[in-house]
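**Q** My questions all concern the structure below.
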Amino acid sequence: MRTRRLHVYLWLTVVALLVLSLGPSTRAGPARGTKIVVGIDTDPPSLDGHSNTALSSDQLFAHLYDRLVMFDMRSNIVPQLATEWSVSNNALTWTFKLRRGHKFHDGTPVNAAAVKASFERLFDPRNPFSRRTLFEMIKRIDVVDEFTVAFSTDKPYGAMLNTMANPSASIVSPTAAAKQDVNTFGRFPVGSGPFFFREWVRGTRIVLSKNPAHWLASQTNVTEIEFRPIPDDATRAIGLETGELDFVTTISPQEAKRLGNNPNLVVYNVRVRQAMAHAIDNKAIVDTFLAGFAKVADSPLPPGVFPYKSQAARYNYDPERAKRLLAEAGYPNGFSSSMWVPVGTYAAAQQISEAVAEMLKKVGINLKLEVMESGQWLVLLRSKGPRESTLEMTYYGWGTQTGEADYALRLVFHTDNFAPACCNRNFYSNTELDGLLDKALGTTNVAERRAAYERAQEILWRDLPWIWIFTVNHSAVGNKALTGVNLLPVELIHFRDASIAR
Amino acid sequence: MLAFLIRRSLEGLLTIFGLSLLVFLSLHLAPGDPAAIIAGNQAREEELVVIRQRYGLTDPLPVQYWNWATRVVRGDFGTSHWGDRPVGPDLARAFPISMSLALGGLAVAVAVGIPAGVLAAVRRDGLVDLSIMGLAVAGMSMPVFWIGLLAILLFSLRLGWLPSSGWGTFMHAILPVVSVSLASLALLARMTRSLMVELLLEDFVRTAKAKGLPSRIVFYKHALRNALPPLATVIGLRLGLLVGGAVITETVFAVPGLGRMIVQAVNQRDFPVVQGGVLLIALAVIVINVAVDVLYLFLDPRIRYA
């Protein structure tokens with residue numbers, strides 16, 4: 001008798017909890033018409049089109065803002081605000097003709113003066129925009145007439161169009177930008193893109209609404225896009241399965257599959273690097289750790305980046321050959337070295353590094369892995385020049401924001417970019433390569449640029465300053481009903497032409 | 001009593017000062033340069049110089065601490081390095097979310113854990129006792145991220161009753177609150193049981209039973225009453241733990257709370273956010289501890305604070 005009461009009390013509590021959980025609205029999979037919900041991994045720091053270097057922001061810029069030109073899915077340059085463009089005979093002045101009659105979301109007309117004002121804001125050293133260095137070749141901007149704007153450089157600048165197509169070249173409304181400080185503008189952005197800003201609840205959602213006056217308006221039936229930051233990989237994937245999300249922009253390969261002495265000197269020897277390349281089973285790494293959502297690298301440039309060329313020479317998995325090359329290089333018994341492994345920057349970095357260490361051990365190379373947190377790794381990487389650097393090897397990745405070879409190669413392999421100035425952190429120096437990169441950058445002739453970069457790829461592939469293992473397929477997963485989503489090789493996803501069938 | 005409160009407040013202030021210094025030093029002395037993280041691995045050195053100047057990162061450490069502390073005293077938590085936004089409003093938004101997660105979790109733990117413990121003690125060594133204690137051990141042993149994902153799989157994906165992530169409505173709160181409560185619930189059930197098992201053997205319980213009181217009154221009014229002071233201590237400690245410790249739950253369920261914010265900020269070396277966030281949590285824990293001390297007075301009339 002007495003315990004029965006307690007029993008009842010206990011069960012009432014449990015039942016009350018269950019009833020609460022049964023609450024009013026039940027099914028999580030909602031009916032929301034032509035609104036789409038996109039799961040992203042982190043809340044962007046700012047929505048100011050000029051602001052920063054976070055991929056999470058770049059992702060949104062193509063929707064809020066227009067640029068003069070943009071990339072299509074094959075990294076070709078296509079017209080946007082600029083309908084046509086030309087370059088002067090001396091290759092120093094680029095002239096862009098603007099689309100007529102287009103307006104920013106606040107009603108300000110998009111014209112040459114607005115484009116000029118937008119770039120001047122980006123270049124203003126008082127504003128905290130670190131990507132302005134991407135545009136440092138541009139010395140003057142001229143308003144030719146209401147719908148014509150010209151950019152001048154001191155030297156011919158081959159990557160002008162690609163630079164204009166990158167997210168930081170977003171054109172912001174000069175009226176709105178002048179009225180607000182950078183911080184406020186980052187929270188209430190005004191552009192001229194196919195979607196305008198509606199709401200941002202930090203950590204919860206960013207909502208954009210369709211801009212009916214945009215020339216792309218007829219291409220998409222999506223009326224609203226909600227970007228929802230969900231940090232956990234598994235939770236994001238489940239959101240897709242429950243129908244709460246229509247798309248997730250980043251997904252771990254496992255989740256995607258489920259849904260679907262003085263070692264420094266040693267590595268200076270090209271035979272040693274080639275031996276290491278032969279000792280690493282790239283295909284096994286791609287299949288095991290990336291669930292096939294990557295492609296074995298076959299060139300220093302990834303497919304989709306101009307002018308990628310698949311290399312005829314291959315570093316097949318061949319431990320015997322690796323041992324022979326090591327012996328030829330004077331290391332018949334192998335050697336020991338260390339490798340930095342950043343955690344939290346690249347998918348499965350630690351597991352892949354462990355596999356690489358295992359593979360290298362088979363040919364006598366003992367690799368000590370130094371696993372470290374990304375913040376610490378970044379400092380170690382960048383702070384030291386050739387004399388002080390303690391870098392022996394590191395797990396590394398490089399994305400190409402502009403979709404062309406200059407960004408992919410010059411920053412990391414040109415002698416002028418030795419750390420700490422920039423990003424050549426293993427101090428590779430080759431005068432032939434430097435010459436080719438300078439030549440390709442200094443001309444606007446596409447055939448000449450292609451020839452120079454193709455030769456550059458051959459040199460790098462032979463010298464192996466890096467051992468390229470794989471190119472990740474930028475994987476994302478979406479609801480079947482959502483079509484027309486564009487995945488760009490520059491790691492961005494555009495919903496500008498998307499349609500949802502419900 | 002007043003003297004006690006004043007003394008505790010002063011102690012609390014001292015603790016907060018020490019803690020803020022500790023957090024400041026551990027952040028600034030740990031490897032990792034905020035400017036390098038803000039600019040990314042593709043930036044040039046001169047961009048880093050601009051960023052360091054903008055956020056005063058080139059000043060000597062004591063100067064940086066002084067600047068930060070004097071601003072905080074005036075209620076200004078500074079500017080986030082990541083996104084260049086004021087920290088105060090972000091903290092003010094995230095803090096209540098973490099508090100409601102913690103309080104909700106604790107409420108569930110108390111409402112279920114204590115009755116379960118009493119029931120187990122009353123049915124000591126029986127099937128009910130064994131199953132409740134078995135569940136309690138399981139509840140304490142299962143990591144939150146795992147049980148959280150299982151709950152999402154069952155309630156969101158299989159049954160479709162609850163949203164899998166997010167925050168804002170009552171429905172969104174259920175899974176995270178229940179997940180965050182489990183460990184505390186299990187602990188409270190076990191504590192209540194062991195306290196009650198001893199108390200039920202006491203003379204006053206036998207007396208109460210002998211004079212014919214209904215067992216509900218004996219268990220809850222007489223016996224449980226005596227178990228409350230130690231339980232209050234545990235509850236207070238758990239609440240402190242829950243306020244700062246819901247990081248994993250917040251990540252799994254995409255709850256925009258303080259814990260998730262601080263972890264993200266640590267990775268980005270976003271010093272003002274980490275410092276401000278830790279300060280708020282410390283303040284909350286200290287207030288909770290004082291509140292528990294005051295609660296003792298009501299739970300145990302023998303206790304006096306000079």
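Letters for chains follow the order of the structure tokens (A, B, ...), residue numbers begin at 1 for each chain, and ligand numbers begin at 1 in the order shown.
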Please identify all polymer residues within 10 Å of Val182 (chain A), counting only C-alpha atoms, omitting same-chain residues fewer than 3 positions from it, and present them as an mmCIF file with N, CA and C atoms, in the first residue's frame.

**A**
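Just written: part_15.cif:
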data_model
loop_
_atom_site.group_PDB
_atom_site.id
_atom_site.type_symbol
_atom_site.label_atom_id
_atom_site.label_comp_id
_atom_site.auth_asym_id
_atom_site.auth_seq_id
_atom_site.Cartn_x
_atom_site.Cartn_y
_atom_site.Cartn_z
ATOM 1 N N SER A 46 30.785 37.582 -39.570
ATOM 2 C CA SER A 46 30.237 38.847 -40.048
ATOM 3 C C SER A 46 29.616 38.622 -41.423
ATOM 4 N N ASP A 48 29.497 41.271 -43.563
ATOM 5 C CA ASP A 48 30.036 42.353 -44.373
ATOM 6 C C ASP A 48 30.813 41.738 -45.537
ATOM 7 N N HIS A 50 33.020 42.654 -47.338
ATOM 8 C CA HIS A 50 34.451 42.929 -47.440
ATOM 9 C C HIS A 50 35.230 42.376 -46.259
ATOM 10 N N SER A 51 34.516 41.748 -45.333
ATOM 11 C CA SER A 51 35.093 41.673 -44.005
ATOM 12 C C SER A 51 36.243 40.720 -43.763
ATOM 13 N N ARG A 121 35.992 51.534 -50.142
ATOM 14 C CA ARG A 121 35.742 51.113 -48.759
ATOM 15 C C ARG A 121 36.621 49.897 -48.416
ATOM 16 N N ASN A 127 39.630 50.461 -42.266
ATOM 17 C CA ASN A 127 38.687 49.355 -42.090
ATOM 18 C C ASN A 127 39.439 48.038 -41.895
ATOM 19 N N PRO A 128 38.920 47.152 -41.064
ATOM 20 C CA PRO A 128 39.652 45.921 -40.740
ATOM 21 C C PRO A 128 39.458 44.825 -41.776
ATOM 22 N N PHE A 129 39.796 45.082 -43.024
ATOM 23 C CA PHE A 129 39.556 44.099 -44.078
ATOM 24 C C PHE A 129 40.877 43.498 -44.547
ATOM 25 N N ALA A 177 26.576 51.569 -46.454
ATOM 26 C CA ALA A 177 27.906 51.445 -45.862
ATOM 27 C C ALA A 177 28.369 52.768 -45.264
ATOM 28 N N ALA A 178 27.952 53.890 -45.867
ATOM 29 C CA ALA A 178 28.377 55.188 -45.355
ATOM 30 C C ALA A 178 27.637 55.539 -44.070
ATOM 31 N N LYS A 179 26.396 55.034 -43.962
ATOM 32 C CA LYS A 179 25.588 55.385 -42.791
ATOM 33 C C LYS A 179 26.012 54.628 -41.541
ATOM 34 N N PHE A 185 27.267 47.275 -40.113
ATOM 35 C CA PHE A 185 27.023 46.806 -41.472
ATOM 36 C C PHE A 185 27.176 45.285 -41.557
ATOM 37 N N GLY A 186 28.112 44.741 -40.784
ATOM 38 C CA GLY A 186 28.330 43.296 -40.761
ATOM 39 C C GLY A 186 27.132 42.537 -40.213
ATOM 40 N N ARG A 187 26.315 43.222 -39.425
ATOM 41 C CA ARG A 187 25.127 42.567 -38.877
ATOM 42 C C ARG A 187 23.882 42.853 -39.707
ATOM 43 N N PHE A 188 23.879 43.997 -40.418
ATOM 44 C CA PHE A 188 22.733 44.357 -41.257
ATOM 45 C C PHE A 188 23.237 44.706 -42.657
ATOM 46 N N PRO A 189 23.656 43.693 -43.397
ATOM 47 C CA PRO A 189 24.309 43.951 -44.675
ATOM 48 C C PRO A 189 23.322 44.371 -45.768
ATOM 49 N N GLY B 83 35.064 38.767 -36.081
ATOM 50 C CA GLY B 83 33.827 39.385 -36.495
ATOM 51 C C GLY B 83 33.698 40.804 -35.970
ATOM 52 N N ASP B 84 34.662 41.224 -35.132
ATOM 53 C CA ASP B 84 34.735 42.620 -34.762
ATOM 54 C C ASP B 84 33.444 43.145 -34.148
ATOM 55 N N ARG B 85 32.804 42.366 -33.256
ATOM 56 C CA ARG B 85 31.545 42.800 -32.687
ATOM 57 C C ARG B 85 31.660 42.908 -31.182
#

**Q** What lies within 12 Å of region 69-80 of chain B using only C-alpha atoms, ignoring chain neighbours under 6 positions off, as an MDAnalysis selection string?

**A** (chainID A and resid 45:46 183) or (chainID B and resid 13 16:18 20:21 24 34 38 54:56 62:63 86:92 261:262 265:266 268:280)

**Q** Could those residues be written to a file, using C-alpha atoms, as a PDB file, in the first residue's frame?

**A**
ATOM      1  CA  PRO A  45      31.681  36.103 -37.856  1.00  0.00           C
ATOM      2  CA  SER A  46      30.237  38.847 -40.048  1.00  0.00           C
ATOM      3  CA  ASN A 183      30.460  46.435 -37.213  1.00  0.00           C
TER       4      ASN A 183
ATOM      5  CA  LEU B  13      35.066  39.127  -5.680  1.00  0.00           C
ATOM      6  CA  ILE B  16      36.668  36.313  -9.571  1.00  0.00           C
ATOM      7  CA  PHE B  17      39.708  38.553  -9.686  1.00  0.00           C
ATOM      8  CA  GLY B  18      42.054  35.588  -9.291  1.00  0.00           C
ATOM      9  CA  SER B  20      40.118  36.367 -14.422  1.00  0.00           C
ATOM     10  CA  LEU B  21      43.877  36.730 -14.016  1.00  0.00           C
ATOM     11  CA  PHE B  24      43.890  35.874 -18.993  1.00  0.00           C
ATOM     12  CA  PRO B  34      44.863  35.397 -32.547  1.00  0.00           C
ATOM     13  CA  ILE B  38      41.811  35.682 -37.820  1.00  0.00           C
ATOM     14  CA  ARG B  54      43.593  46.982 -34.025  1.00  0.00           C
ATOM     15  CA  TYR B  55      42.935  44.762 -31.021  1.00  0.00           C
ATOM     16  CA  GLY B  56      45.763  46.090 -28.884  1.00  0.00           C
ATOM     17  CA  PRO B  62      49.758  43.874 -17.759  1.00  0.00           C
ATOM     18  CA  VAL B  63      48.535  46.800 -19.865  1.00  0.00           C
ATOM     19  CA  PRO B  86      30.888  43.880 -29.116  1.00  0.00           C
ATOM     20  CA  VAL B  87      31.071  40.911 -26.738  1.00  0.00           C
ATOM     21  CA  GLY B  88      28.554  42.124 -24.145  1.00  0.00           C
ATOM     22  CA  PRO B  89      25.353  41.597 -26.167  1.00  0.00           C
ATOM     23  CA  ASP B  90      26.513  38.150 -27.295  1.00  0.00           C
ATOM     24  CA  LEU B  91      27.170  37.110 -23.696  1.00  0.00           C
ATOM     25  CA  ALA B  92      23.832  38.552 -22.627  1.00  0.00           C
ATOM     26  CA  MET B 261      30.480  30.046 -27.494  1.00  0.00           C
ATOM     27  CA  ILE B 262      33.496  29.764 -25.185  1.00  0.00           C
ATOM     28  CA  ALA B 265      36.247  31.291 -28.927  1.00  0.00           C
ATOM     29  CA  VAL B 266      39.124  29.283 -27.428  1.00  0.00           C
ATOM     30  CA  GLN B 268      39.772  31.129 -32.432  1.00  0.00           C
ATOM     31  CA  ARG B 269      41.859  32.660 -29.607  1.00  0.00           C
ATOM     32  CA  ASP B 270      39.064  35.202 -29.270  1.00  0.00           C
ATOM     33  CA  PHE B 271      40.292  36.416 -25.888  1.00  0.00           C
ATOM     34  CA  PRO B 272      37.531  38.916 -24.931  1.00  0.00           C
ATOM     35  CA  VAL B 273      34.809  36.314 -25.492  1.00  0.00           C
ATOM     36  CA  VAL B 274      36.571  33.611 -23.451  1.00  0.00           C
ATOM     37  CA  GLN B 275      37.411  36.006 -20.628  1.00  0.00           C
ATOM     38  CA  GLY B 276      33.931  37.479 -20.475  1.00  0.00           C
ATOM     39  CA  GLY B 277      32.234  34.107 -20.705  1.00  0.00           C
ATOM     40  CA  VAL B 278      34.345  32.506 -17.987  1.00  0.00           C
ATOM     41  CA  LEU B 279      33.741  35.535 -15.780  1.00  0.00           C
ATOM     42  CA  LEU B 280      29.973  35.147 -16.129  1.00  0.00           C
TER      43      LEU B 280
END

**Q** Would you give me, as a ChimeraX atom specification, the residues of chain B that come within 8 Å of chain A, using only C-alpha atoms?

**A** /B:31-34,36-47,50-51,54,82-85,90,111-112,115-116,119,122-123,149,152-153,156-157,160-167,171,174,214-216,251-256,267-269

**Q** Run DSSP on the backbone of this structure and report the residues of region 70-205 of chain B it assigns to helix (DSSP H, G or I), as a PyMOL selection string.

**A** chain B and resi 70-73+87-122+127-141+144-158+170-199+203-205
